[in-house]
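Colleague: Can you read through this structure? Questions will come right after.
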Amino acid sequence: MTPSTAYSRDLGDELRRLRETCTGLSGNKLAVKLGWDPSKVSTVEHGKARASEIDLIQYLSMCGKDIDFVNDFKRRYRYAFDEYRVQVSGNLRTMTMAESTATRITSYDVLAMPGLLQEPEYSEGIYRMTGLVAEERIPDLVQYRTERQAILRRHDRPTCLFYVHEHALQLQVGNKQVMEDQYARLLFNTHTIRIV
């Protein structure tokens with residue numbers, strides 16, 4: 001059995017939610033319809049076993065998903081069990097679990113400073129600029145991002161390499177003081193930072 005990862009468990013949760021909302025079937029009843037052993041549905045939905053491409057197609061088809069959805073899910077699932085690669089997930093728990101077990105973190109973003117290096121005010125400004133999240137969620141997301149940074153203060157912290165694109169350095173986020181504080185954080189940070 002392949003060891004599970006935070007992302008495989010996250011995608012397994014997604015499969016379980018799809019089964020529950022799209023079919024209304026229990027895991028056992030879906031297993032019967034698919035001709036699978038009930039334990040197979042359970043281990044796939046818990047992210048403890050890698051489903052084959054055929055398994056995914058059968059499962060997602062039973063949930064009424066079209067080929068575009070199936071292809072997108074397969075693309076995300078491709079590296080789900082690779083413990084050395086973390087794909088950005090909308091699930092904050094997945095990100096936290098992956099970072100907490102990492103021995104090495106490499107981060108790159110063209111438009112913003114790496115999340116693990118962001119000052120709270122900078123982080124808030126980025127969320128406001130993008131407009132991708134509801135205003136009422138911003139304080140919680142900023143707090144979450146700030147709390148994640150505790151990993152960098154651990155005695156056994158991961159080796160980190162942060163690539164900062166020059167566009168991110170030039171982008172004005174918030175006022176002058178916010179940018180000065182953010183630059184100071186990069187300047188005095190003990191982690192490896194590369195400007196590209």
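Just remember, in the structure tokens the first chain shown is A, the second B, etc., residues are 1-based per chain, and ligands are 1-based in the order shown.
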Excluding same-chain residues fewer than 6 positions from Phe73 (chain A), what lies within 12 Å of it counting only C-alpha atoms, as a PyMOL selection string?
Modeller: chain A and resi 8+11-12+14-15+18+51+53+56-57+59-61+65-67+79-80
Colleague: Please provide as a VMD selection string all residues within 10 Å of region 180-196 of chain A, with the sequence filter that same-chain residues fewer than 6 positions apart are discarded (counting only C-alpha atoms).
Modeller: chain A and resid 106 to 108 110 113 to 114 117 to 123 152 158 to 169 173
Colleague: If you count only C-alpha atoms, which residues fall within 10 Å of region 20-29 of chain A, apart from same-chain ones fewer than 3 positions away, as a ChimeraX atom specification?
Modeller: /A:14-17,32-42,45,60,62-65
Colleague: Report, in Å with one decimal, the straight-line distance from CA of Arg9 (chain A) to CA of Leu116 (chain A).
Modeller: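 CA of Arg9 (chain A) sits 23.0 Å away from CA of Leu116 (chain A).
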Colleague: Which parts of chain A does DSSP call helix (DSSP H, G or I) when run on the backbone here, written out as a ChimeraX atom specification?
Modeller: /A:6-23,27-34,38-45,53-62,67-77,92-101,115-117,120-130,135-153,166-170,176-187
Colleague: Please run DSSP on the backbone and report, as a count of residues only, all residues within chain A that come out as strand (DSSP E).
Modeller: 16
Colleague: In Å, rounded to a single decimal, give me how far CA of Ala112 (chain A) is from CA of Val142 (chain A).
Modeller: 14.4 Å
Colleague: Pick out the closest residue to Arg50 (chain A) from this set: A:Leu171, A:Asp68, A:Lys74, A:Ser4. Count only C-alpha atoms.
Modeller: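 Of all the options, A:Ser4 lies closest to Arg50 (chain A).
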Colleague: Give me, please, the distance in Å between CA of Pro3 (chain A) and CA of Leu30 (chain A), quoted to one decimal.
Modeller: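 Computing the Euclidean distance for CA of Pro3 (chain A) and CA of Leu30 (chain A) yields 24.1 Å.
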Colleague: Nearest to Gly125 (chain A): which of A:Gln58, A:Thr43, A:Thr101, A:Asn175 is it, counting only C-alpha atoms?
Modeller: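 Comparing A:Gln58, A:Thr43, A:Thr101, A:Asn175 against Gly125 (chain A), the winner is A:Asn175.
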